[in-house]
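J.: The structure file work.cif (mmCIF, C-alpha atoms) is provided below.
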data_run
#
loop_
_atom_site.label_atom_id
_atom_site.label_comp_id
_atom_site.auth_asym_id
_atom_site.auth_seq_id
_atom_site.Cartn_x
_atom_site.Cartn_y
_atom_site.Cartn_z
CA MET K 1 138.90 97.84 51.26
CA THR K 2 136.06 97.15 48.86
CA LEU K 3 134.31 99.38 46.38
CA GLU K 4 131.04 97.95 45.10
CA PRO K 5 129.88 99.30 41.71
CA LEU K 6 126.28 99.87 42.88
CA HIS K 7 127.49 101.69 46.00
CA LEU K 8 129.77 103.87 43.87
CA ALA K 9 126.92 104.64 41.47
CA VAL K 10 124.71 105.85 44.35
CA ILE K 11 127.59 107.92 45.73
CA ALA K 12 128.13 109.43 42.26
CA GLY K 13 124.44 110.35 42.12
CA MET K 14 124.67 111.98 45.55
CA ALA K 15 127.78 113.90 44.49
CA ALA K 16 126.12 115.09 41.27
CA VAL K 17 122.96 116.51 42.89
CA THR K 18 125.05 118.09 45.66
CA TYR K 19 127.48 119.88 43.36
CA ALA K 20 124.56 120.96 41.15
CA SER K 21 122.99 122.57 44.24
CA ARG K 22 126.26 124.28 45.15
CA LEU K 23 126.67 125.69 41.63
CA GLY K 24 123.01 126.28 40.74
CA GLY K 25 122.24 129.33 42.85
CA PHE K 26 125.41 131.07 41.76
CA LEU K 27 124.98 130.33 38.04
CA LEU K 28 121.33 131.44 38.22
CA LEU K 29 122.19 134.85 39.67
CA ALA K 30 125.57 135.39 37.97
CA GLY K 31 123.83 136.75 34.86
CA ILE K 32 121.59 139.30 36.56
CA GLU K 33 121.88 142.37 38.76
CA PRO K 34 119.47 141.84 41.70
CA GLY K 35 117.04 144.70 42.37
CA PRO K 36 116.36 146.10 45.85
CA ARG K 37 113.62 143.61 46.69
CA LEU K 38 115.66 140.55 45.67
CA SER K 39 118.64 141.99 47.54
CA ARG K 40 116.55 142.29 50.70
CA ILE K 41 115.47 138.67 50.35
CA LEU K 42 119.06 137.52 49.73
CA ASN K 43 120.14 139.44 52.83
CA GLN K 44 117.83 137.34 54.97
CA ILE K 45 118.99 133.94 53.68
CA PRO K 46 121.83 133.25 56.16
CA GLY K 47 119.80 133.88 59.33
CA ALA K 48 116.72 132.10 57.98
CA THR K 49 118.76 129.08 56.83
CA PHE K 50 120.50 128.61 60.18
CA ALA K 51 117.21 129.14 62.04
CA ALA K 52 115.62 126.41 59.89
CA LEU K 53 118.65 124.15 60.39
CA ILE K 54 118.48 124.22 64.19
CA ALA K 55 114.68 124.02 64.52
CA PRO K 56 114.45 120.19 64.80
CA MET K 57 117.53 120.08 67.06
CA VAL K 58 115.89 122.55 69.45
CA VAL K 59 112.59 120.69 69.75
CA GLN K 60 114.36 117.33 70.08
CA GLY K 61 116.29 118.63 73.08
CA GLY K 62 115.12 118.78 76.68
CA PRO K 63 115.51 121.34 79.51
CA VAL K 64 119.27 120.68 79.75
CA GLU K 65 119.85 121.33 76.03
CA TRP K 66 117.61 124.43 76.09
CA ALA K 67 119.54 125.81 79.05
CA GLY K 68 122.77 125.02 77.18
CA ALA K 69 121.44 126.88 74.14
CA GLY K 70 120.55 129.84 76.37
CA ILE K 71 124.08 129.86 77.81
CA THR K 72 125.53 129.71 74.27
CA VAL K 73 123.50 132.82 73.35
CA LEU K 74 124.52 134.64 76.54
CA ALA K 75 128.19 133.77 76.05
CA TYR K 76 128.06 134.99 72.44
CA ARG K 77 126.56 138.31 73.56
CA LEU K 78 129.21 138.57 76.28
CA PHE K 79 132.31 137.61 74.28
CA GLY K 80 131.15 138.18 70.70
CA GLN K 81 133.06 135.07 69.68
CA VAL K 82 131.89 131.79 68.18
CA LEU K 83 134.47 129.58 69.85
CA ALA K 84 133.85 131.01 73.35
CA ALA K 85 130.09 130.72 72.94
CA VAL K 86 130.26 127.09 71.77
CA LEU K 87 132.68 126.08 74.54
CA CYS K 88 130.50 127.65 77.25
CA GLY K 89 127.38 125.91 75.92
CA VAL K 90 129.01 122.48 75.58
CA ILE K 91 130.71 122.64 79.00
CA ALA K 92 127.45 123.74 80.62
CA VAL K 93 125.56 120.80 79.10
CA ALA K 94 128.31 118.32 80.06
CA LEU K 95 128.35 119.60 83.67
CA ALA K 96 124.57 119.62 83.93
CA ARG K 97 124.36 116.02 82.77
CA LEU K 98 127.11 115.03 85.23
CA LEU K 99 125.32 116.70 88.13
CA LEU K 100 121.84 115.48 87.20
CA ALA K 101 122.90 111.89 86.43
CA MET B 1 133.22 146.72 46.27
CA LYS B 2 136.80 145.56 45.90
CA ILE B 3 137.17 141.87 45.13
CA ALA B 4 140.36 140.03 45.98
CA PHE B 5 141.55 136.44 46.07
CA SER B 6 144.72 136.29 48.11
CA LEU B 7 146.81 133.94 50.22
CA PRO B 8 146.20 135.99 53.41
CA GLY B 9 142.47 135.66 52.73
CA LEU B 10 142.86 131.90 52.29
CA LEU B 11 144.78 131.63 55.58
CA ALA B 12 142.27 133.79 57.45
CA GLY B 13 139.51 131.45 56.29
CA ALA B 14 141.52 128.43 57.45
CA ARG B 15 142.16 130.01 60.87
CA ASP B 16 138.57 131.06 61.56
CA ILE B 17 137.14 127.65 60.65
CA LEU B 18 139.20 125.79 63.29
CA PRO B 19 136.52 125.57 66.02
CA PHE B 20 134.17 124.20 63.36
CA ALA B 21 136.80 121.70 62.27
CA LEU B 22 136.58 120.19 65.75
CA GLY B 23 132.82 119.87 65.35
CA ALA B 24 133.25 118.34 61.89
CA ALA B 25 135.78 115.84 63.27
CA MET B 26 133.36 114.67 65.98
CA PHE B 27 130.51 114.44 63.51
CA GLY B 28 132.79 112.65 61.02
CA LEU B 29 133.71 109.92 63.52
CA VAL B 30 130.06 109.28 64.38
CA LEU B 31 129.02 109.25 60.73
CA GLY B 32 131.84 106.86 59.77
CA LEU B 33 130.82 104.49 62.53
CA MET B 34 127.18 104.56 61.47
CA ALA B 35 127.96 104.10 57.79
CA ALA B 36 130.19 101.10 58.52
CA GLN B 37 127.40 99.47 60.54
CA LYS B 38 125.11 99.94 57.53
CA GLY B 39 127.48 98.06 55.22
CA LEU B 40 129.61 100.76 53.64
CA SER B 41 133.32 99.94 53.49
CA PRO B 42 135.84 102.48 54.85
CA ALA B 43 136.98 103.14 51.26
CA GLU B 44 133.40 103.85 50.17
CA VAL B 45 132.84 106.13 53.16
CA MET B 46 135.94 108.14 52.21
CA VAL B 47 134.95 108.32 48.53
CA MET B 48 131.55 109.63 49.61
CA SER B 49 133.12 112.21 51.92
CA ALA B 50 135.51 113.37 49.20
CA THR B 51 132.86 113.70 46.48
CA VAL B 52 129.71 114.72 48.39
CA PHE B 53 131.35 116.60 51.30
CA ALA B 54 128.07 117.46 53.02
CA GLY B 55 127.62 115.96 56.49
CA ALA B 56 123.88 116.10 57.08
CA SER B 57 123.08 114.50 53.71
CA GLN B 58 125.66 111.76 54.26
CA MET B 59 124.05 111.01 57.63
CA VAL B 60 120.62 110.71 56.01
CA ALA B 61 122.10 108.48 53.27
CA ALA B 62 123.69 106.23 55.89
CA GLU B 63 120.35 105.92 57.68
CA LEU B 64 118.65 104.88 54.43
CA TRP B 65 121.47 102.49 53.45
CA THR B 66 119.87 99.01 53.58
CA ALA B 67 119.87 95.96 51.33
CA PRO B 68 118.44 96.00 48.71
CA LEU B 69 119.83 99.48 48.26
CA PRO B 70 117.09 102.13 47.69
CA ALA B 71 119.29 104.01 45.22
CA LEU B 72 116.79 106.57 43.97
CA THR B 73 115.45 107.30 47.47
CA ILE B 74 118.97 108.00 48.71
CA VAL B 75 119.80 110.35 45.83
CA MET B 76 116.46 112.19 46.25
CA ALA B 77 117.02 112.55 49.99
CA THR B 78 120.50 113.92 49.28
CA LEU B 79 119.00 116.48 46.91
CA ALA B 80 116.43 117.46 49.56
CA VAL B 81 119.02 117.97 52.29
CA ASN B 82 121.49 119.79 50.03
CA ALA B 83 119.09 121.97 48.03
CA ARG B 84 119.75 124.72 50.61
CA HIS B 85 123.09 125.22 48.85
CA LEU B 86 121.11 126.88 46.02
CA LEU B 87 120.21 129.69 48.43
CA MET B 88 123.70 129.74 49.92
CA GLY B 89 125.37 130.09 46.52
CA MET B 90 123.02 132.96 45.62
CA THR B 91 124.18 135.02 48.60
CA LEU B 92 127.83 134.69 47.53
CA THR B 93 127.24 135.57 43.87
CA PRO B 94 128.25 139.27 44.07
CA TRP B 95 131.71 138.26 45.30
CA LEU B 96 132.17 135.16 43.14
CA LYS B 97 131.01 136.75 39.88
CA PRO B 98 134.13 138.87 39.23
CA LEU B 99 136.44 135.85 39.65
CA PRO B 100 137.50 133.64 36.73
CA ARG B 101 134.59 131.21 36.34
CA PRO B 102 136.65 128.03 36.98
CA LEU B 103 137.92 129.50 40.25
CA SER B 104 134.42 130.38 41.51
CA CYS B 105 133.12 126.93 40.52
CA PHE B 106 136.09 125.30 42.27
CA SER B 107 135.51 127.38 45.41
CA LEU B 108 131.82 126.46 45.45
CA PHE B 109 132.64 122.75 45.56
CA PHE B 110 134.02 123.40 49.07
CA MET B 111 131.08 125.54 50.28
CA VAL B 112 129.54 124.02 53.41
CA ASP B 113 127.36 125.65 56.08
CA GLU B 114 130.27 126.66 58.28
CA ASN B 115 132.59 128.45 55.85
CA TRP B 116 129.60 129.90 54.01
CA GLY B 117 128.18 131.48 57.19
CA LEU B 118 131.54 132.95 58.18
CA SER B 119 132.21 134.15 54.60
CA VAL B 120 128.88 135.92 54.10
CA ALA B 121 129.28 137.71 57.44
CA ARG B 122 132.81 138.81 56.56
CA LEU B 123 132.16 139.78 52.94
CA ARG B 124 129.13 141.86 53.95
CA LYS B 125 131.35 143.82 56.31
CA GLY B 126 133.23 144.96 53.22
CA GLU B 127 136.19 142.62 53.31
CA GLY B 128 136.06 141.35 49.77
CA ASP B 129 138.61 138.54 49.89
CA VAL B 130 136.75 135.57 48.43
CA ALA B 131 139.65 133.17 49.13
CA TYR B 132 138.32 133.18 52.71
CA LEU B 133 135.59 130.72 51.63
CA LEU B 134 138.04 128.32 49.99
CA GLY B 135 140.45 128.54 52.94
CA GLY B 136 137.75 127.33 55.30
CA GLY B 137 136.60 124.62 52.90
CA LEU B 138 140.09 123.28 52.18
CA THR B 139 140.69 123.04 55.94
CA LEU B 140 137.51 121.09 56.63
CA TYR B 141 137.92 118.81 53.59
CA PRO B 142 140.84 116.60 54.75
CA VAL B 143 139.48 116.58 58.33
CA TRP B 144 136.16 115.33 57.02
CA ILE B 145 137.62 112.59 54.81
CA ALA B 146 140.03 111.40 57.52
CA THR B 147 137.56 111.33 60.42
CA THR B 148 134.73 109.66 58.50
CA GLY B 149 137.28 107.05 57.33
CA LEU B 150 138.61 106.58 60.87
CA GLY B 151 135.10 106.24 62.24
CA ALA B 152 134.42 103.48 59.71
CA VAL B 153 137.66 101.62 60.49
CA PHE B 154 137.71 101.97 64.28
CA GLY B 155 133.95 102.24 64.73
CA GLY B 156 133.85 100.11 67.88
CA LEU B 157 136.27 102.41 69.68
CA VAL B 158 134.32 105.63 69.24
CA VAL B 159 132.99 106.82 72.57
CA ASP B 160 129.32 107.54 73.16
CA PRO B 161 128.64 111.01 71.66
CA ALA B 162 126.46 111.89 74.66
CA ALA B 163 129.59 111.79 76.83
CA PHE B 164 131.27 115.22 76.94
CA ALA B 165 128.00 116.61 75.47
CA MET B 166 129.31 116.04 71.94
CA ASP B 167 125.75 115.41 70.76
CA PHE B 168 124.98 119.02 71.78
CA LEU B 169 127.90 120.34 69.72
CA PRO B 170 126.04 120.71 66.37
CA LEU B 171 123.27 122.78 67.98
CA ALA B 172 125.82 125.01 69.74
CA LEU B 173 127.84 125.53 66.53
CA PHE B 174 124.88 126.35 64.29
CA LEU B 175 123.31 128.51 66.97
CA ALA B 176 126.54 130.53 67.17
CA LEU B 177 126.58 130.84 63.36
CA LEU B 178 122.97 132.06 63.50
CA LEU B 179 123.83 134.69 66.11
CA ILE B 180 126.40 136.29 63.78
CA PHE B 181 123.44 137.46 61.68
CA TRP B 182 121.33 138.91 64.53
CA ARG B 183 120.13 142.39 63.63
CA GLY B 184 117.90 143.15 66.56
CA ARG B 185 114.13 142.92 66.44
CA ALA B 186 114.14 143.00 62.62
CA SER B 187 115.46 139.42 62.75
CA LEU B 188 112.51 138.08 64.75
CA LEU B 189 110.07 137.87 61.82
CA PRO B 190 112.36 136.06 59.32
CA TRP B 191 113.88 133.78 61.96
CA GLY B 192 110.55 132.95 63.58
CA THR B 193 109.03 132.16 60.18
CA ALA B 194 112.01 130.03 59.18
CA PHE B 195 111.92 128.14 62.49
CA GLY B 196 108.17 127.49 62.33
CA VAL B 197 108.02 126.46 58.67
CA ALA B 198 111.07 124.24 59.15
CA LEU B 199 109.39 122.45 62.07
CA VAL B 200 106.19 121.82 60.12
CA ALA B 201 108.18 120.59 57.10
CA TRP B 202 110.34 118.42 59.33
CA MET B 203 107.27 116.74 60.83
CA LEU B 204 105.31 116.30 57.58
CA LEU B 205 107.84 115.79 54.77
CA PRO B 206 110.59 113.25 54.00
CA ALA B 207 113.97 113.92 55.61
CA GLY B 208 115.82 117.08 54.68
CA TRP B 209 113.36 119.44 53.04
CA HIS B 210 112.88 121.50 56.19
CA VAL B 211 116.09 123.52 55.74
CA LEU B 212 115.35 124.70 52.19
CA LEU B 213 111.67 125.38 52.87
CA GLY B 214 112.24 127.08 56.22
CA GLY B 215 115.12 129.13 54.85
CA LEU B 216 113.09 130.18 51.80
CA ALA B 217 109.98 131.09 53.84
CA GLY B 218 112.02 133.06 56.38
CA SER B 219 113.97 134.96 53.71
CA LEU B 220 110.79 135.85 51.81
CA ALA B 221 108.98 136.94 54.99
CA GLY B 222 111.92 139.09 56.05
CA GLY B 223 112.63 140.51 52.61
CA LEU B 224 109.08 141.25 51.49
CA LEU B 225 107.20 142.17 54.66
CA ASP B 226 109.89 144.11 56.43
CA ASP B 227 111.06 147.18 54.54
CA ALA B 228 113.97 147.95 56.83
#
For this file, write the structure as structure tokens.

T.:
Amino acid sequence: MTLEPLHLAVIAGMAAVTYASRLGGFLLLAGIEPGPRLSRILNQIPGATFAALIAPMVVQGGPVEWAGAGITVLAYRLFGQVLAAVLCGVIAVALARLLLA
Amino acid sequence: MKIAFSLPGLLAGARDILPFALGAAMFGLVLGLMAAQKGLSPAEVMVMSATVFAGASQMVAAELWTAPLPALTIVMATLAVNARHLLMGMTLTPWLKPLPRPLSCFSLFFMVDENWGLSVARLRKGEGDVAYLLGGGLTLYPVWIATTGLGAVFGGLVVDPAAFAMDFLPLALFLALLLIFWRGRASLLPWGTAFGVALVAWMLLPAGWHVLLGGLAGSLAGGLLDDA
């Protein structure tokens, strides 16, 4: 179990910029009352952020992963539940790889 | 809007995050293994997990971790990957503002994609218990520290993530989180913009910036062009 000072310094830098990001948006908006336009933009942040997050994962996948993603969407529409949707998608991809291998 | 911070809210957050805890555990093992191969000790991996607590940025840091250590590059890459938390924190501000400031700042330390997504969806439905966010975060936190540490110690024993389709798990989890926010055709413009801008940024820019830029572009497109 070793802790190198340089490694710890880099980790401290990572922790500092990360916590600043977590606090920054809140502290910026805590002092103001957002108007209708800003509220509309804020409303869109969750969907847009997750869409941006998965974009590289989607294009890095192949037909099996795309089909698995499609099944995840279908299962979510069917069951309306995150856990069920994720399980269906993962099992479908595992089975497809088994059968196609 | 009624704001509360209660034990039932905390427990509800802990319960709903459980499927995501499984995903975090898998990701944690893989990350620990990778970090150990790059020369981080198990203790350092766990210190990083406990202080940074942001998986994607820790993965990018591990990839960049070479000797001599590119310290500034790693910190800048971390900022790029985690700058999306600025947007995330903004969306939670109406519910965090009425709390005592130390409590909201403490809760925000534990804000990651998963408990944030679930919290925004729940709070917007009118259930104003902000402890839900912290409950999810406090559940993921020990799982994250333990599994990244385990991955670093027992790295050789971790099975291939492609087996059991565990490499597909992140896409499935984030896709499901995305679907929570589907609002019919009105979502196509912001999501399409976010997806496209993220792809371009991912191809052209250093690691990480695609999430902030895509998220920002999609939110602006949806908020400004669509007056629904």

J.: I need the residue nearest chain B from this list: K:Leu78, K:Ala94, K:Gln60, K:Ser39. Use only C-alpha atoms for the distance.

T.: K:Ala94

J.: Please compute the CA of Val17 (chain K)-CA of Phe53 (chain B) distance, one decimal, in Å.

T.: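 Atom-to-atom, CA of Val17 (chain K) and CA of Phe53 (chain B) are spaced 11.9 Å apart.
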
J.: Determine the residue membership of the PyMOL selection byres ((chain B) within 6 of (chain K)) for the file above and supply it as a PyMOL selection string.

T.: chain B and resi 19+43-44+48+51-52+71+75+78-79+82-83+85-87+89-91+93+97+108+164-165+172-173+176+178+181+191+194-195+198+211+214-215+218-220+223

J.: Between CA of Gly155 (chain B) and CA of Gly28 (chain B), measure the distance and give it in Å to one decimal.

T.: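 For CA of Gly155 (chain B) relative to CA of Gly28 (chain B), the distance reads 11.1 Å.
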
J.: Enter the distance from CA of Gly149 (chain B) to CA of Met88 (chain B), in Å, rounded to one decimal.

T.: 27.5 Å

J.: Residue by residue, what does the PyMOL selection byres ((chain B and resi 208) around 8) grab here? Present the result as a PyMOL selection string.

T.: chain B and resi 57+77-78+80-82+202+206-207+209-211

J.: List the spatial neighbours of Arg124 (chain B) as JSON, numbers by chain - criterion: any atom at most 12 Å away, all atoms listed in the file, same-chain residues fewer than 4 positions off excluded.

T.: {"K": [42, 43, 46], "B": [1, 2, 3, 91, 92, 94, 95, 116, 117, 118, 119, 120, 128, 129, 130, 180, 181]}

J.: Name every residue that the PyMOL selection byres ((chain B and resi 23) around 12) selects in this structure, writing the answer as an NGL selection string with chains first and numbers rising.

T.: (:K and (83 or 86-87 or 90)) or (:B and (17-22 or 24-30 or 55 or 114 or 140 or 143-144 or 147 or 161 or 165-174))

J.: To test the calculation: enclose all listed atoms of region 40-55 of chain B in a box whose edges run along x, y and z, add 6 Å on each side, then state centre and edge lengths in Å to one decimal, as lines of an AutoDock Vina configuration file.

T.:
center_x = 132.3
center_y = 108.7
center_z = 51.5
size_x = 21.4
size_y = 29.5
size_z = 22.0

J.: Go through B:Phe154, B:Val112, B:Ala14, B:Arg185 and flag the residue nearest Arg84 (chain B), using only C-alpha atoms for the distances.

T.: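 Closest candidate: B:Val112.
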